[in-house]
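Participant: Supplied structure: my_file05.cif, mmCIF, C-alpha atoms.
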data_input
#
loop_
_atom_site.group_PDB
_atom_site.id
_atom_site.type_symbol
_atom_site.label_atom_id
_atom_site.label_comp_id
_atom_site.auth_asym_id
_atom_site.auth_seq_id
_atom_site.Cartn_x
_atom_site.Cartn_y
_atom_site.Cartn_z
ATOM 1 C CA MET A 1 0.000 0.000 0.000
ATOM 2 C CA ASP A 2 1.203 3.511 -0.790
ATOM 3 C CA LYS A 3 2.027 5.760 2.101
ATOM 4 C CA ILE A 4 -0.858 8.005 3.046
ATOM 5 C CA ARG A 5 -1.316 11.431 4.619
ATOM 6 C CA ALA A 6 -3.718 11.446 7.552
ATOM 7 C CA LEU A 7 -5.478 14.179 9.491
ATOM 8 C CA ILE A 8 -6.301 13.173 13.081
ATOM 9 C CA VAL A 9 -8.823 15.395 14.883
ATOM 10 C CA ASP A 10 -9.292 14.920 18.622
ATOM 11 C CA ASP A 11 -9.150 17.305 21.579
ATOM 12 C CA SER A 12 -6.977 14.784 23.432
ATOM 13 C CA SER A 13 -3.328 14.743 22.356
ATOM 14 C CA VAL A 14 -3.006 11.320 23.993
ATOM 15 C CA MET A 15 -5.835 9.981 21.851
ATOM 16 C CA ARG A 16 -4.278 11.471 18.707
ATOM 17 C CA LYS A 17 -1.095 9.542 19.470
ATOM 18 C CA ILE A 18 -3.067 6.348 20.093
ATOM 19 C CA VAL A 19 -4.974 6.719 16.822
ATOM 20 C CA GLU A 20 -1.712 7.269 14.924
ATOM 21 C CA ARG A 21 -0.178 4.210 16.579
ATOM 22 C CA SER A 22 -3.271 2.160 15.745
ATOM 23 C CA LEU A 23 -3.010 3.155 12.076
ATOM 24 C CA ARG A 24 0.610 1.993 12.002
ATOM 25 C CA GLN A 25 -0.351 -1.235 13.808
ATOM 26 C CA ALA A 26 -3.020 -1.747 11.153
ATOM 27 C CA GLY A 27 -0.231 -1.834 8.597
ATOM 28 C CA ILE A 28 -1.000 1.586 7.169
ATOM 29 C CA GLU A 29 2.181 3.426 6.253
ATOM 30 C CA LEU A 30 1.973 7.110 7.034
ATOM 31 C CA GLU A 31 3.797 9.658 4.931
ATOM 32 C CA LYS A 32 2.519 12.541 7.033
ATOM 33 C CA VAL A 33 0.241 13.036 10.029
ATOM 34 C CA VAL A 34 -1.527 16.359 10.549
ATOM 35 C CA GLU A 35 -3.157 16.940 13.930
ATOM 36 C CA ALA A 36 -5.974 19.225 15.038
ATOM 37 C CA SER A 37 -7.670 19.538 18.412
ATOM 38 C CA ASN A 38 -11.131 20.517 17.159
ATOM 39 C CA GLY A 39 -13.163 20.874 13.985
ATOM 40 C CA ALA A 40 -12.304 24.521 13.406
ATOM 41 C CA GLU A 41 -8.560 23.824 13.627
ATOM 42 C CA ALA A 42 -9.030 20.888 11.285
ATOM 43 C CA LEU A 43 -10.712 23.045 8.646
ATOM 44 C CA VAL A 44 -7.787 25.472 8.785
ATOM 45 C CA ALA A 45 -5.240 22.651 8.665
ATOM 46 C CA LEU A 46 -6.925 21.147 5.620
ATOM 47 C CA ARG A 47 -6.470 24.328 3.597
ATOM 48 C CA ASP A 48 -2.685 23.919 3.640
ATOM 49 C CA ASN A 49 -2.452 20.156 3.921
ATOM 50 C CA PRO A 50 -3.945 17.795 1.364
ATOM 51 C CA VAL A 51 -4.661 14.448 3.039
ATOM 52 C CA ASP A 52 -5.866 10.990 2.036
ATOM 53 C CA LEU A 53 -7.737 10.082 5.226
ATOM 54 C CA ILE A 54 -9.412 11.935 8.094
ATOM 55 C CA LEU A 55 -10.064 10.398 11.513
ATOM 56 C CA CYS A 56 -12.271 12.548 13.703
ATOM 57 C CA ASP A 57 -13.705 12.576 17.225
ATOM 58 C CA ILE A 58 -17.227 13.935 17.816
ATOM 59 C CA ASN A 59 -17.246 15.583 21.249
ATOM 60 C CA MET A 60 -14.781 18.455 21.003
ATOM 61 C CA PRO A 61 -14.793 22.089 22.089
ATOM 62 C CA VAL A 62 -15.122 24.990 19.615
ATOM 63 C CA MET A 63 -16.440 22.856 16.751
ATOM 64 C CA ASP A 64 -17.583 19.263 17.169
ATOM 65 C CA GLY A 65 -16.886 16.444 14.769
ATOM 66 C CA LEU A 66 -20.317 16.357 13.154
ATOM 67 C CA GLU A 67 -20.150 20.049 12.274
ATOM 68 C CA PHE A 68 -16.619 19.543 10.959
ATOM 69 C CA VAL A 69 -17.821 16.766 8.651
ATOM 70 C CA ARG A 70 -20.607 19.008 7.336
ATOM 71 C CA GLN A 71 -18.284 21.963 6.738
ATOM 72 C CA SER A 72 -15.368 19.953 5.356
ATOM 73 C CA SER A 73 -17.267 19.371 2.114
ATOM 74 C CA THR A 74 -16.640 23.046 1.279
ATOM 75 C CA VAL A 75 -12.848 22.675 1.612
ATOM 76 C CA GLU A 76 -11.129 21.729 -1.643
ATOM 77 C CA ASN A 77 -8.533 19.498 0.030
ATOM 78 C CA ALA A 78 -11.266 17.489 1.770
ATOM 79 C CA LYS A 79 -13.326 16.680 -1.290
ATOM 80 C CA GLY A 80 -13.482 12.936 -1.784
ATOM 81 C CA VAL A 81 -11.344 12.274 1.281
ATOM 82 C CA PRO A 82 -12.852 9.523 3.466
ATOM 83 C CA ILE A 83 -13.711 10.535 7.013
ATOM 84 C CA VAL A 84 -13.913 7.945 9.783
ATOM 85 C CA MET A 85 -15.355 8.983 13.129
ATOM 86 C CA ILE A 86 -13.620 7.665 16.276
ATOM 87 C CA THR A 87 -15.742 8.530 19.275
ATOM 88 C CA THR A 88 -17.277 7.515 22.593
ATOM 89 C CA GLU A 89 -20.675 8.529 21.218
ATOM 90 C CA GLY A 90 -21.906 5.127 20.172
ATOM 91 C CA SER A 91 -25.642 5.595 19.774
ATOM 92 C CA GLU A 92 -27.416 4.731 16.542
ATOM 93 C CA SER A 93 -28.539 8.310 16.125
ATOM 94 C CA HIS A 94 -24.947 9.554 16.259
ATOM 95 C CA VAL A 95 -23.895 6.948 13.706
ATOM 96 C CA VAL A 96 -26.750 7.976 11.409
ATOM 97 C CA GLN A 97 -25.974 11.687 11.855
ATOM 98 C CA ALA A 98 -22.298 11.101 11.067
ATOM 99 C CA LEU A 99 -22.952 8.964 8.003
ATOM 100 C CA THR A 100 -25.629 11.376 6.776
ATOM 101 C CA ALA A 101 -23.203 14.279 7.177
ATOM 102 C CA GLY A 102 -20.698 12.462 4.984
ATOM 103 C CA ALA A 103 -18.571 10.231 7.199
ATOM 104 C CA ARG A 104 -17.638 6.882 5.650
ATOM 105 C CA GLY A 105 -16.920 4.912 8.808
ATOM 106 C CA TYR A 106 -17.564 4.868 12.539
ATOM 107 C CA ILE A 107 -15.396 3.430 15.310
ATOM 108 C CA ARG A 108 -16.496 3.426 18.941
ATOM 109 C CA LYS A 109 -14.018 4.096 21.739
ATOM 110 C CA PRO A 110 -12.580 2.029 23.329
ATOM 111 C CA PHE A 111 -11.192 0.447 20.172
ATOM 112 C CA THR A 112 -8.581 -2.110 19.191
ATOM 113 C CA PRO A 113 -6.054 -1.752 16.351
ATOM 114 C CA GLU A 114 -7.965 -4.575 14.641
ATOM 115 C CA GLN A 115 -11.122 -2.453 14.635
ATOM 116 C CA VAL A 116 -9.185 0.450 13.137
ATOM 117 C CA LYS A 117 -7.900 -1.876 10.425
ATOM 118 C CA GLU A 118 -11.381 -3.275 9.781
ATOM 119 C CA HIS A 119 -12.968 0.155 9.375
ATOM 120 C CA VAL A 120 -10.167 2.181 7.789
ATOM 121 C CA LEU A 121 -8.781 -0.147 5.102
ATOM 122 C CA PRO A 122 -12.098 -0.471 3.215
ATOM 123 C CA VAL A 123 -12.502 3.324 2.947
ATOM 124 C CA LEU A 124 -8.982 3.429 1.490
ATOM 125 C CA GLY A 125 -10.077 0.847 -1.057
ATOM 126 C CA LYS A 126 -8.107 -1.966 0.578
ATOM 127 C CA LYS A 127 -9.176 -5.292 1.992
ATOM 128 C CA PRO A 128 -8.957 -5.493 5.797
ATOM 129 C CA MET B 1 -43.581 19.800 27.826
ATOM 130 C CA SER B 2 -42.995 17.458 30.759
ATOM 131 C CA PRO B 3 -39.419 16.448 31.572
ATOM 132 C CA ASP B 4 -38.186 13.056 30.403
ATOM 133 C CA THR B 5 -37.790 11.102 33.640
ATOM 134 C CA SER B 6 -37.845 7.569 32.254
ATOM 135 C CA LEU B 7 -34.094 7.055 32.580
ATOM 136 C CA VAL B 8 -34.102 8.379 36.145
ATOM 137 C CA THR B 9 -36.930 5.965 36.946
ATOM 138 C CA ARG B 10 -34.960 3.133 35.374
ATOM 139 C CA SER B 11 -31.913 4.036 37.458
ATOM 140 C CA HIS B 12 -34.024 3.315 40.557
ATOM 141 C CA GLU B 13 -35.533 0.120 39.203
ATOM 142 C CA GLU B 14 -32.531 -1.454 37.486
ATOM 143 C CA ASN B 15 -29.179 -2.397 38.948
ATOM 144 C CA TRP B 16 -26.627 -0.432 36.944
ATOM 145 C CA GLN B 17 -23.675 -1.422 39.128
ATOM 146 C CA PRO B 18 -22.692 -4.379 36.872
ATOM 147 C CA VAL B 19 -23.045 -2.118 33.828
ATOM 148 C CA LEU B 20 -20.617 0.383 35.324
ATOM 149 C CA GLU B 21 -18.192 -2.404 36.291
ATOM 150 C CA LEU B 22 -18.290 -3.894 32.784
ATOM 151 C CA ALA B 23 -17.764 -0.464 31.211
ATOM 152 C CA VAL B 24 -14.642 0.005 33.354
ATOM 153 C CA GLU B 25 -13.307 -3.507 32.733
ATOM 154 C CA GLU B 26 -13.616 -3.145 28.961
ATOM 155 C CA VAL B 27 -11.811 0.195 28.832
ATOM 156 C CA PHE B 28 -8.939 -1.153 30.919
ATOM 157 C CA GLU B 29 -8.672 -4.340 28.885
ATOM 158 C CA ILE B 30 -8.898 -2.730 25.446
ATOM 159 C CA MET B 31 -7.003 0.533 25.964
ATOM 160 C CA LEU B 32 -4.578 -0.436 28.748
ATOM 161 C CA ALA B 33 -4.136 -4.159 28.040
ATOM 162 C CA CYS B 34 -4.971 -4.858 31.669
ATOM 163 C CA ARG B 35 -7.635 -7.187 32.984
ATOM 164 C CA VAL B 36 -9.200 -5.754 36.113
ATOM 165 C CA ARG B 37 -11.923 -6.907 38.474
ATOM 166 C CA PRO B 38 -13.748 -4.943 41.170
ATOM 167 C CA VAL B 39 -12.156 -5.050 44.611
ATOM 168 C CA SER B 40 -13.340 -3.982 48.028
ATOM 169 C CA ALA B 41 -13.608 -0.204 48.397
ATOM 170 C CA THR B 42 -13.122 -0.579 52.134
ATOM 171 C CA GLU B 43 -9.817 -2.363 51.714
ATOM 172 C CA HIS B 44 -8.724 -0.014 48.934
ATOM 173 C CA PRO B 45 -9.775 3.535 49.812
ATOM 174 C CA PRO B 46 -9.527 6.034 46.965
ATOM 175 C CA SER B 47 -6.467 8.163 46.325
ATOM 176 C CA ARG B 48 -7.505 11.546 45.019
ATOM 177 C CA ASP B 49 -4.348 13.170 43.671
ATOM 178 C CA PHE B 50 -6.029 13.164 40.256
ATOM 179 C CA THR B 51 -9.766 13.251 39.566
ATOM 180 C CA ALA B 52 -11.141 13.164 36.027
ATOM 181 C CA MET B 53 -14.791 14.126 35.531
ATOM 182 C CA VAL B 54 -17.276 13.800 32.698
ATOM 183 C CA GLY B 55 -20.746 15.291 33.043
ATOM 184 C CA LEU B 56 -23.922 13.606 31.859
ATOM 185 C CA ALA B 57 -26.699 15.921 30.729
ATOM 186 C CA GLY B 58 -30.212 15.402 29.458
ATOM 187 C CA ALA B 59 -32.615 12.660 30.446
ATOM 188 C CA LEU B 60 -29.790 11.058 32.397
ATOM 189 C CA ALA B 61 -27.885 13.742 34.291
ATOM 190 C CA GLY B 62 -25.024 13.495 36.728
ATOM 191 C CA ILE B 63 -21.292 12.972 36.757
ATOM 192 C CA ILE B 64 -18.785 10.146 36.340
ATOM 193 C CA THR B 65 -15.439 10.529 38.070
ATOM 194 C CA VAL B 66 -12.229 8.516 37.924
ATOM 195 C CA CYS B 67 -9.712 9.146 40.679
ATOM 196 C CA CYS B 68 -6.321 7.765 41.594
ATOM 197 C CA SER B 69 -2.899 8.675 42.960
ATOM 198 C CA THR B 70 -0.289 10.629 41.010
ATOM 199 C CA ILE B 71 1.840 7.522 40.517
ATOM 200 C CA THR B 72 -1.120 5.499 39.283
ATOM 201 C CA ALA B 73 -2.184 8.280 36.911
ATOM 202 C CA SER B 74 1.331 8.263 35.436
ATOM 203 C CA CYS B 75 1.227 4.466 35.096
ATOM 204 C CA LEU B 76 -2.160 4.643 33.374
ATOM 205 C CA ALA B 77 -0.831 7.249 30.935
ATOM 206 C CA LYS B 78 2.233 5.119 30.228
ATOM 207 C CA ALA B 79 0.068 2.065 29.568
ATOM 208 C CA MET B 80 -2.117 4.025 27.157
ATOM 209 C CA LEU B 81 0.731 5.728 25.335
ATOM 210 C CA GLY B 82 3.205 2.870 25.354
ATOM 211 C CA ALA B 83 5.769 5.313 26.757
ATOM 212 C CA ALA B 84 6.061 7.612 29.725
ATOM 213 C CA ALA B 85 3.948 10.755 29.552
ATOM 214 C CA GLU B 86 5.899 13.869 28.620
ATOM 215 C CA SER B 87 4.199 16.159 31.128
ATOM 216 C CA GLU B 88 1.625 16.339 33.907
ATOM 217 C CA GLY B 89 -0.727 17.734 31.290
ATOM 218 C CA GLU B 90 -0.381 14.568 29.265
ATOM 219 C CA VAL B 91 -1.058 12.461 32.372
ATOM 220 C CA ALA B 92 -4.231 14.483 32.987
ATOM 221 C CA ASP B 93 -5.201 14.155 29.328
ATOM 222 C CA ALA B 94 -4.857 10.361 29.534
ATOM 223 C CA LEU B 95 -6.933 10.117 32.712
ATOM 224 C CA GLY B 96 -9.561 12.389 31.179
ATOM 225 C CA GLU B 97 -9.773 10.115 28.147
ATOM 226 C CA ILE B 98 -10.153 7.048 30.364
ATOM 227 C CA CYS B 99 -13.037 8.791 32.140
ATOM 228 C CA ASN B 100 -14.487 9.806 28.780
ATOM 229 C CA MET B 101 -14.357 6.247 27.445
ATOM 230 C CA VAL B 102 -15.796 4.754 30.641
ATOM 231 C CA SER B 103 -18.641 7.290 30.498
ATOM 232 C CA GLY B 104 -19.376 6.662 26.829
ATOM 233 C CA ASN B 105 -19.102 2.911 27.228
ATOM 234 C CA PHE B 106 -21.454 2.993 30.218
ATOM 235 C CA LYS B 107 -23.978 5.156 28.359
ATOM 236 C CA ASN B 108 -23.806 2.984 25.259
ATOM 237 C CA LYS B 109 -24.634 -0.097 27.330
ATOM 238 C CA LEU B 110 -27.897 1.449 28.533
ATOM 239 C CA SER B 111 -30.580 0.993 25.929
ATOM 240 C CA GLY B 112 -32.607 4.046 25.007
ATOM 241 C CA THR B 113 -30.093 6.735 25.914
ATOM 242 C CA ASP B 114 -29.358 7.802 22.317
ATOM 243 C CA ASP B 115 -29.586 11.588 21.948
ATOM 244 C CA ARG B 116 -31.318 11.867 25.312
ATOM 245 C CA CYS B 117 -28.044 11.814 27.219
ATOM 246 C CA MET B 118 -25.026 13.904 26.282
ATOM 247 C CA LEU B 119 -21.479 13.754 27.585
ATOM 248 C CA SER B 120 -19.359 16.756 28.441
ATOM 249 C CA ILE B 121 -15.720 16.934 27.476
ATOM 250 C CA PRO B 122 -13.538 15.739 30.381
ATOM 251 C CA THR B 123 -12.196 17.932 33.166
ATOM 252 C CA VAL B 124 -9.274 16.810 35.312
ATOM 253 C CA VAL B 125 -8.332 18.188 38.715
ATOM 254 C CA SER B 126 -4.958 17.445 40.287
ATOM 255 C CA GLY B 127 -3.334 18.244 43.604
ATOM 256 C CA GLY B 128 -3.625 16.891 47.103
ATOM 257 C CA GLN B 129 -5.914 19.322 48.867
ATOM 258 C CA TYR B 130 -9.336 19.378 47.314
ATOM 259 C CA ASN B 131 -12.774 17.850 47.631
ATOM 260 C CA VAL B 132 -15.165 17.155 44.780
ATOM 261 C CA HIS B 133 -18.678 18.336 45.590
ATOM 262 C CA SER B 134 -21.197 17.130 43.059
ATOM 263 C CA MET B 135 -24.640 18.703 43.017
ATOM 264 C CA ALA B 136 -26.019 15.369 41.828
ATOM 265 C CA ASN B 137 -28.630 14.345 44.370
ATOM 266 C CA GLY B 138 -29.670 10.894 43.190
ATOM 267 C CA ASP B 139 -28.244 7.391 43.156
ATOM 268 C CA CYS B 140 -24.517 6.964 43.599
ATOM 269 C CA MET B 141 -22.504 3.879 42.766
ATOM 270 C CA SER B 142 -18.816 3.230 42.510
ATOM 271 C CA THR B 143 -16.363 0.526 41.614
ATOM 272 C CA VAL B 144 -12.722 0.160 42.567
ATOM 273 C CA VAL B 145 -10.206 -1.708 40.434
ATOM 274 C CA LEU B 146 -6.508 -2.233 40.986
ATOM 275 C CA PHE B 147 -4.012 -1.054 38.414
ATOM 276 C CA GLU B 148 -0.465 -2.119 39.273
ATOM 277 C CA ASP B 149 -1.762 -2.875 42.788
ATOM 278 C CA ALA B 150 -3.090 0.648 43.348
ATOM 279 C CA PRO B 151 -6.759 1.638 43.467
ATOM 280 C CA VAL B 152 -8.573 3.433 40.683
ATOM 281 C CA THR B 153 -12.030 4.506 41.845
ATOM 282 C CA VAL B 154 -14.817 5.119 39.346
ATOM 283 C CA THR B 155 -17.978 6.778 40.678
ATOM 284 C CA LEU B 156 -21.307 7.550 39.052
ATOM 285 C CA GLN B 157 -23.523 10.133 40.735
ATOM 286 C CA LEU B 158 -26.942 10.772 39.227
ATOM 287 C CA ASN B 159 -29.368 13.652 39.479
ATOM 288 C CA ASN B 160 -32.928 12.855 40.454
#
Take the structure in the file and write it out as structure tokens.
Facilitator:
Amino acid sequence: MDKIRALIVDDSSVMRKIVERSLRQAGIELEKVVEASNGAEALVALRDNPVDLILCDINMPVMDGLEFVRQSSTVENAKGVPIVMITTEGSESHVVQALTAGARGYIRKPFTPEQVKEHVLPVLGKKP
Amino acid sequence: MSPDTSLVTRSHEENWQPVLELAVEEVFEIMLACRVRPVSATEHPPSRDFTAMVGLAGALAGIITVCCSTITASCLAKAMLGAAAESEGEVADALGEICNMVSGNFKNKLSGTDDRCMLSIPTVVSGGQYNVHSMANGDCMSTVVLFEDAPVTVTLQLNN
């Protein structure tokens, strides 16, 4: 698999590190990792950083993950880029809201590297 | 419009203690690679150097706290990160995330919460001289688990 550029959006720096580690453990080679601590920061980061994959929390200050997904469709660098939510919000209504807004996958915290692999590889067009 | 009290009623009628214990056990096993079981709170009184809090709002309102000693908080952060935390802020961040995941996992195990119960982002307090005073006036339950032989106390306090 080609190396990819990933944007990881979470208000916890610890969780951003864990998500990055989980991607590597899933066998995904990372050319570049861009980090943002909320949706608004992520929108700004996207303007200067084309990426191949976005992993995003939901509950964040300033701008939550669902609003970020809605607004990201207006950012050129985000068009066509798969977004996978990684969140403690596990209810069906949150899943539906995320997928309706444009997310392509949904992972509930706590999560294993295997779950990351299972949900992320298909949106990158790879078999898990 | 009358307030939605069905979840509060359920909290009186159902025993949510095992749900809380399972939520804690799963977070420790999956995120910290550590199998834990509840132990006696009397034999293992809480250390409160660090307290992480996540608020519940909506039909189910209250607070979930996770508290432990400074050393245990550092060990938890190290287990999550796979390396020692770089700062006290990172230790607090890790404990806040544990509280966040326990809260979400607990909520997700209760059927019918959906959009009717929201979680706050975590807050973490550290230092030796403080008390946590919750305004929650309903049921209270807690579970204590040992992480590297030291207690980690998880408490759920609900509003009536």
Participant: Excluding region 109-113 of chain B and its own-chain neighbours fewer than 3 positions away, which residues fall within 10 Å of it when counting all atoms listed in the file? Please give them as JSON, numbers by chain.
Facilitator: {"A": [90, 91, 92], "B": [6, 7, 10, 16, 19, 20, 22, 23, 58, 59, 60, 104, 105, 106, 116, 117, 118]}
Participant: Would you kindly translate the PyMOL selection byres ((chain B) within 8 of (chain A)) into the concrete residues it picks from this file, as JSON, numbers by chain?
Facilitator: {"B": [26, 27, 30, 31, 80, 81, 90, 93, 94, 97, 100, 101, 104, 105, 108, 113, 114, 115, 119, 120, 121]}
Participant: Give me the residues near Arg48 (chain B) as a PyMOL selection string, where near means some atom within 6 Å (using all atoms listed in the file) and where sequence neighbours in that chain fewer than 2 positions away do not count.
Facilitator: chain B and resi 50+67-69
Participant: So what do you get for CA of Leu55 (chain A) versus CA of Gly80 (chain A), distance-wise?
Facilitator: 14.0 Å
Participant: Rounded to one decimal, what separation in Å do you get between CA of Ala36 (chain A) and CA of Arg70 (chain A)?
Facilitator: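 Between CA of Ala36 (chain A) and CA of Arg70 (chain A) the gap works out to 16.5 Å.
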Participant: As a check of understanding, name the residues that the PyMOL selection byres ((chain B and resi 54) around 6) selects in the supplied structure, as a list in words.
Facilitator: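 Selected by the PyMOL selection byres ((chain B and resi 54) around 6) in this file: Met53, Gly55, Ile63, Ile64, Ser120 and Pro122 of chain B.
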Participant: Determine the residue membership of the PyMOL selection byres ((chain B and resi 133-142) around 8) for the file above and supply it as a tab-separated table (two decimals) with C-alpha atoms, keeping the file's coordinate frame.
Facilitator:
chain	number	residue	atom	x	y	z
B	11	SER	CA	-31.91	4.04	37.46
B	12	HIS	CA	-34.02	3.32	40.56
B	17	GLN	CA	-23.68	-1.42	39.13
B	20	LEU	CA	-20.62	0.38	35.32
B	61	ALA	CA	-27.88	13.74	34.29
B	62	GLY	CA	-25.02	13.50	36.73
B	63	ILE	CA	-21.29	12.97	36.76
B	131	ASN	CA	-12.77	17.85	47.63
B	132	VAL	CA	-15.16	17.16	44.78
B	143	THR	CA	-16.36	0.53	41.61
B	144	VAL	CA	-12.72	0.16	42.57
B	153	THR	CA	-12.03	4.51	41.84
B	154	VAL	CA	-14.82	5.12	39.35
B	155	THR	CA	-17.98	6.78	40.68
B	156	LEU	CA	-21.31	7.55	39.05
B	157	GLN	CA	-23.52	10.13	40.74
B	158	LEU	CA	-26.94	10.77	39.23
B	159	ASN	CA	-29.37	13.65	39.48
B	160	ASN	CA	-32.93	12.86	40.45
Participant: Report, in Å to a single decimal, how far apart CA of Leu53 (chain A) and CA of Ala40 (chain A) are.
Facilitator: 17.2 Å
